[in-house]
Amino acid sequence: MNATVRPQARPLAYPGWTMAFVAFMTLTLTIGPAGSTMPLIYSGVVGDFGWSLTETMLVYTYKNIASAVATLLFIGPLVARFGLRSVTVAAFAITGLGMVAYLGVDSQVTFYAAGAVQGVGLAMAVVASNLLVSRWFRQNQGVALGLALAGISVGGALFPLLAGPLIEAFGWRQAMASMSLFIWLVALPLYLWKARETPTDEELALERAAMPTIGARDWLESQEIGATEPPSSAESPAFWRIAAALILVGVADMAVIQHMPKLLEVEAGFGAEAAAMGLSVLFAFAIAGKVVAGRLYDRHSLQGMRLWYLFVAISIALIVPVVGVFTLVLFAAARGFAHGGLLPKPAVLAQHCYGPRQMEAKLPLFLGIWMTGAGLGPVLLAMVYDATGEYRYGLALLVGFCILAALLLRAPRRATKIS
């Protein structure tokens, strides 16, 4: 009984942290260059083709529709059939090809098609990274996911600073294609070298021994809920409330992210350089948001998520008083912190509400629902702007969406437990 020394293991000795680092780098070098460059190309696209803002922003909608369809229908079965490693490698290849495809854009059809290909690859990368981390962590899932998903924010903070000069020097097509080199030359080789998709039971026991205090009680309670949730729970009122909340907050969050350069130009009179700086500040503060929210979710589960939705509403409203550099940084920091805290949520929701046995089935479902809302948000805000000529009405609508999402988000009733 005393032969093992695992309870004395230090947290960093657990190999799951290496997998979290691999997921961090995967997201930094895929979503970073691909996702954070998109808000910077819209002005160039409008200038080249003369499309309206709504027509231009539809590329993000089609990208997220492709992401949502792939996540809801294909990625889970592909992981089950071919394994997590094969799906992740395909994610790198498809994302890179989608970025290179912008070189051939000459119409709305080819523009939207390039975005859709990119969206499928990014969805596969997000789901694969979430699954990799969630397989290795149970009671500290939120914290580990927060650290891994911080890669999105690190990439978002760094790559606009590189993409901006590339767009200025070579054009938006060439800039987007050249950013794919980070995927081909760094992300893919690193994953093939270091990733190990499935832990042993002994290694999972080591995770519990290494960090026994963070969220253990909440996690164990969530297993009781998940174990007794009926198979038809996907049709239950609780499921649809969660789905509606995910869509509403996805709409609000990503609408502001994708419109941020234009928002700062219209609402506060900033130029392109200040807008790019604001975007970098946003993604930089999103790093801290992921880690703080991950710990909050581990400790307080859905109650912590509802609180975070209200913070998202406040962060959107802070655009109104932006009049100078100080208020610009304040808005970008709050918006980034709030945005970062949303990204670990679908995976934690899946495990906390349905337990680890159903997590791999529910995670793609929740991510797909969230991506659907995120895809609708930018074009919805663009439509309101094109109709009214200003952003204030759309922003008020988004704040209302976040408040409604907080009211809707409730866990399955404990009354469903089998006594």
# chains A, B, ... in the order shown; residues from 1 in each chain; ligands from 1
call {"tool": "closest_atom_pairs", "arguments": {"of": "segment 235-332 of chain A", "to": "segment 367-386 of chain A", "cutoff": "10 Å", "atoms": "only C-alpha atoms", "output": "JSON lines"}}
result
{"residue": "A:Ile242", "atom": "CA", "partner": "A:Ile369", "partner_atom": "CA", "distance": 9.6}
{"residue": "A:Ala243", "atom": "CA", "partner": "A:Ile369", "partner_atom": "CA", "distance": 6.4}
{"residue": "A:Ala244", "atom": "CA", "partner": "A:Ile369", "partner_atom": "CA", "distance": 8.5}
{"residue": "A:Ala245", "atom": "CA", "partner": "A:Trp370", "partner_atom": "CA", "distance": 8.8}
{"residue": "A:Leu246", "atom": "CA", "partner": "A:Trp370", "partner_atom": "CA", "distance": 5.1}
{"residue": "A:Ile247", "atom": "CA", "partner": "A:Gly373", "partner_atom": "CA", "distance": 4.1}
{"residue": "A:Leu248", "atom": "CA", "partner": "A:Gly373", "partner_atom": "CA", "distance": 6.3}
{"residue": "A:Val249", "atom": "CA", "partner": "A:Gly373", "partner_atom": "CA", "distance": 7.3}
{"residue": "A:Gly250", "atom": "CA", "partner": "A:Ala374", "partner_atom": "CA", "distance": 4.3}
{"residue": "A:Val251", "atom": "CA", "partner": "A:Gly377", "partner_atom": "CA", "distance": 3.8}
{"residue": "A:Ala252", "atom": "CA", "partner": "A:Gly377", "partner_atom": "CA", "distance": 6.0}
{"residue": "A:Asp253", "atom": "CA", "partner": "A:Ala374", "partner_atom": "CA", "distance": 7.1}
{"residue": "A:Met254", "atom": "CA", "partner": "A:Ala374", "partner_atom": "CA", "distance": 5.2}
{"residue": "A:Ala255", "atom": "CA", "partner": "A:Pro378", "partner_atom": "CA", "distance": 3.9}
{"residue": "A:Val256", "atom": "CA", "partner": "A:Pro378", "partner_atom": "CA", "distance": 7.3}
{"residue": "A:Ile257", "atom": "CA", "partner": "A:Pro378", "partner_atom": "CA", "distance": 8.2}
{"residue": "A:Gln258", "atom": "CA", "partner": "A:Pro378", "partner_atom": "CA", "distance": 6.2}
{"residue": "A:His259", "atom": "CA", "partner": "A:Pro378", "partner_atom": "CA", "distance": 6.8}
call {"tool": "write_last_selection", "arguments": {"atoms": "C-alpha atoms", "output": "CSV table (one decimal), in the first residue's frame"}}
result
chain,number,residue,atom,x,y,z
A,242,ILE,CA,-27.6,26.0,-22.6
A,243,ALA,CA,-27.6,26.0,-26.4
A,244,ALA,CA,-29.4,29.3,-26.6
A,245,ALA,CA,-27.0,30.9,-24.1
A,246,LEU,CA,-24.0,29.7,-26.1
A,247,ILE,CA,-25.5,31.1,-29.4
A,248,LEU,CA,-26.4,34.5,-27.8
A,249,VAL,CA,-23.0,35.1,-26.2
A,250,GLY,CA,-21.2,33.8,-29.3
A,251,VAL,CA,-23.1,36.4,-31.4
A,252,ALA,CA,-22.2,39.2,-29.0
A,253,ASP,CA,-18.6,38.3,-28.4
A,254,MET,CA,-17.4,37.7,-32.0
A,255,ALA,CA,-19.4,40.5,-33.5
A,256,VAL,CA,-17.3,43.0,-31.5
A,257,ILE,CA,-14.0,41.1,-32.1
A,258,GLN,CA,-14.4,41.1,-35.9
A,259,HIS,CA,-15.7,44.7,-36.1
call {"tool": "closest_atom_pairs", "arguments": {"of": "segment 324-346 of chain A", "to": "segment 148-158 of chain A", "cutoff": "12 Å", "atoms": "only C-alpha atoms", "output": "CSV"}}
result
residue,atom,partner,partner_atom,distance
A:Ala332,CA,A:Ala157,CA,11.5
A:Ala333,CA,A:Ala157,CA,11.6
A:Gly336,CA,A:Ser153,CA,8.5
A:Phe337,CA,A:Ser153,CA,9.9
A:Ala338,CA,A:Ser153,CA,11.8
A:His339,CA,A:Ser153,CA,9.5
A:Gly340,CA,A:Ser153,CA,7.3
A:Gly341,CA,A:Leu149,CA,9.6
A:Leu342,CA,A:Leu149,CA,10.2
A:Leu343,CA,A:Leu149,CA,7.0
A:Pro344,CA,A:Leu149,CA,7.0
A:Lys345,CA,A:Leu149,CA,10.6
A:Pro346,CA,A:Leu149,CA,12.0
call {"tool": "write_last_selection", "arguments": {"atoms": "C-alpha atoms", "output": "mmCIF file, in the first residue's frame"}}
result
data_model
loop_
_atom_site.group_PDB
_atom_site.id
_atom_site.type_symbol
_atom_site.label_atom_id
_atom_site.label_comp_id
_atom_site.auth_asym_id
_atom_site.auth_seq_id
_atom_site.Cartn_x
_atom_site.Cartn_y
_atom_site.Cartn_z
ATOM 1 C CA ALA A 332 -9.415 46.564 -25.273
ATOM 2 C CA ALA A 333 -8.129 45.080 -21.993
ATOM 3 C CA GLY A 336 -9.997 40.826 -24.247
ATOM 4 C CA PHE A 337 -10.208 39.558 -20.673
ATOM 5 C CA ALA A 338 -13.919 38.826 -21.102
ATOM 6 C CA HIS A 339 -13.427 37.231 -24.526
ATOM 7 C CA GLY A 340 -10.669 34.964 -23.250
ATOM 8 C CA GLY A 341 -12.858 33.562 -20.493
ATOM 9 C CA LEU A 342 -15.439 32.292 -22.970
ATOM 10 C CA LEU A 343 -13.156 29.932 -24.845
ATOM 11 C CA PRO A 344 -12.691 27.185 -22.180
ATOM 12 C CA LYS A 345 -16.436 27.138 -21.549
ATOM 13 C CA PRO A 346 -17.857 24.597 -24.084
#
call {"tool": "closest_residue", "arguments": {"among": "A:Ala187, A:Ile319, A:Leu84, A:Leu58", "to": "Val109 of chain A", "atoms": "only C-alpha atoms"}}
result
A:Leu58
call {"tool": "closest_residue", "arguments": {"among": "A:Leu318, A:Leu103, A:Ala175, A:Val325", "to": "Arg392 of chain A", "atoms": "only C-alpha atoms"}}
result
A:Leu318
call {"tool": "closest_residue", "arguments": {"among": "A:Lys194, A:Arg299, A:Arg241, A:Lys262", "to": "Arg410 of chain A", "atoms": "only C-alpha atoms"}}
result
A:Arg241
call {"tool": "residues_around", "arguments": {"residues": "Arg295 of chain A", "least_positions_apart": "3", "cutoff": "6 Å", "atoms": "only C-alpha atoms", "output": "NGL selection string"}}
result
:A and (142-143 or 292 or 298)
call {"tool": "closest_residue", "arguments": {"among": "A:Ala238, A:Leu27, A:Gly294, A:Gly115", "to": "Ser129 of chain A", "atoms": "only C-alpha atoms"}}
result
A:Leu27
call {"tool": "closest_residue", "arguments": {"among": "A:Glu168, A:Thr110, A:Ser134, A:Val126", "to": "Gly355 of chain A", "atoms": "only C-alpha atoms"}}
result
A:Ser134
call {"tool": "residues_around", "arguments": {"residues": "Gln141 of chain A", "least_positions_apart": "4", "cutoff": "10 Å", "atoms": "only C-alpha atoms", "output": "CSV table (one decimal) with N, CA and C atoms, in the first residue's frame"}}
result
chain,number,residue,atom,x,y,z
A,130,ASN,N,-9.0,20.8,-27.6
A,130,ASN,CA,-9.9,20.6,-26.5
A,130,ASN,C,-9.9,19.2,-26.0
A,133,VAL,N,-6.5,18.0,-24.3
A,133,VAL,CA,-6.4,18.5,-23.0
A,133,VAL,C,-7.4,17.8,-22.1
A,134,SER,N,-8.7,17.7,-22.5
A,134,SER,CA,-9.7,17.1,-21.7
A,134,SER,C,-9.5,15.6,-21.4
A,135,ARG,N,-8.8,14.9,-22.3
A,135,ARG,CA,-8.5,13.5,-22.0
A,135,ARG,C,-7.5,13.4,-20.9
A,136,TRP,N,-6.6,14.4,-20.8
A,136,TRP,CA,-5.5,14.3,-19.8
A,136,TRP,C,-5.9,14.9,-18.4
A,137,PHE,N,-7.0,15.7,-18.4
A,137,PHE,CA,-7.3,16.4,-17.1
A,137,PHE,C,-8.8,16.1,-16.8
A,145,LEU,N,-7.3,23.8,-19.7
A,145,LEU,CA,-7.9,24.4,-20.9
A,145,LEU,C,-7.6,25.8,-21.0
A,146,GLY,N,-7.7,26.6,-19.9
A,146,GLY,CA,-7.4,28.0,-20.0
A,146,GLY,C,-6.0,28.2,-20.4
A,147,LEU,N,-5.0,27.5,-19.9
A,147,LEU,CA,-3.6,27.6,-20.2
A,147,LEU,C,-3.4,27.2,-21.7
A,214,ILE,N,-7.8,21.8,-6.5
A,214,ILE,CA,-8.5,22.8,-7.3
A,214,ILE,C,-9.7,22.1,-7.9
A,215,GLY,N,-10.9,22.5,-7.4
A,215,GLY,CA,-12.1,22.1,-8.0
A,215,GLY,C,-12.5,20.6,-7.8
A,219,TRP,N,-16.0,19.0,-9.2
A,219,TRP,CA,-15.9,18.0,-10.3
A,219,TRP,C,-16.6,16.7,-9.9
A,294,GLY,N,-10.9,29.8,-16.3
A,294,GLY,CA,-10.8,28.3,-16.1
A,294,GLY,C,-10.8,27.9,-14.7
A,295,ARG,N,-10.1,28.7,-13.8
A,295,ARG,CA,-10.2,28.4,-12.4
A,295,ARG,C,-11.5,28.7,-11.8
A,297,TYR,N,-14.4,28.5,-13.4
A,297,TYR,CA,-15.3,27.4,-13.8
A,297,TYR,C,-15.1,26.1,-13.0
A,298,ASP,N,-13.8,25.8,-12.7
A,298,ASP,CA,-13.5,24.6,-12.0
A,298,ASP,C,-14.1,24.7,-10.6
A,344,PRO,N,-12.7,28.5,-22.8
A,344,PRO,CA,-12.7,27.2,-22.2
A,344,PRO,C,-14.1,26.6,-21.9
A,347,ALA,N,-16.0,23.1,-23.4
A,347,ALA,CA,-15.5,21.8,-23.0
A,347,ALA,C,-15.9,21.6,-21.5
A,348,VAL,N,-15.8,22.6,-20.7
A,348,VAL,CA,-16.1,22.5,-19.3
A,348,VAL,C,-17.6,22.2,-19.1
A,351,GLN,N,-18.3,18.5,-19.8
A,351,GLN,CA,-17.9,17.6,-18.8
A,351,GLN,C,-18.7,17.8,-17.5
A,352,HIS,N,-19.0,19.1,-17.1
A,352,HIS,CA,-19.6,19.3,-15.8
A,352,HIS,C,-21.1,19.0,-15.9
call {"tool": "closest_residue", "arguments": {"among": "A:Ala177, A:Ile75, A:Leu282, A:Ala405", "to": "Pro261 of chain A", "atoms": "only C-alpha atoms"}}
result
A:Leu282
call {"tool": "residues_around", "arguments": {"residues": "Tyr102 of chain A", "least_positions_apart": "4", "cutoff": "10 Å", "atoms": "only C-alpha atoms", "output": "PDB file with C-alpha atoms, in the first residue's frame"}}
result
ATOM      1  CA  LEU A  97      -4.573  25.381 -47.621  1.00  0.00           C
ATOM      2  CA  GLY A  98      -7.463  27.702 -46.775  1.00  0.00           C
ATOM      3  CA  ASP A 106     -11.258  37.140 -57.560  1.00  0.00           C
ATOM      4  CA  THR A 110     -13.886  32.382 -54.162  1.00  0.00           C
ATOM      5  CA  PHE A 111     -13.546  34.723 -51.167  1.00  0.00           C
ATOM      6  CA  TYR A 112     -16.237  32.892 -49.241  1.00  0.00           C
ATOM      7  CA  ALA A 113     -14.914  29.488 -50.339  1.00  0.00           C
ATOM      8  CA  ALA A 114     -11.431  30.267 -49.003  1.00  0.00           C
ATOM      9  CA  GLY A 115     -12.987  31.323 -45.710  1.00  0.00           C
ATOM     10  CA  GLN A 118     -10.130  27.799 -43.449  1.00  0.00           C
ATOM     11  CA  TRP A 172      -3.950  41.201 -48.014  1.00  0.00           C
ATOM     12  CA  ARG A 173      -3.860  38.095 -50.232  1.00  0.00           C
ATOM     13  CA  GLN A 174      -0.109  37.597 -49.965  1.00  0.00           C
ATOM     14  CA  ALA A 175      -0.097  38.415 -46.255  1.00  0.00           C
ATOM     15  CA  MET A 176      -2.714  35.793 -45.451  1.00  0.00           C
ATOM     16  CA  ALA A 177      -0.939  33.125 -47.523  1.00  0.00           C
TER      17      ALA A 177
END
call {"tool": "residues_around", "arguments": {"residues": "Leu122 of chain A", "least_positions_apart": "3", "cutoff": "7 Å", "atoms": "only C-alpha atoms", "output": "VMD selection string"}}
result
chain A and resid 31 91 95 118 to 119 125 to 126
call {"tool": "atom_distance", "arguments": {"atom1": "atom CA of Val322 of chain A", "atom2": "atom CA of Thr61 of chain A"}}
result
27.4 Å
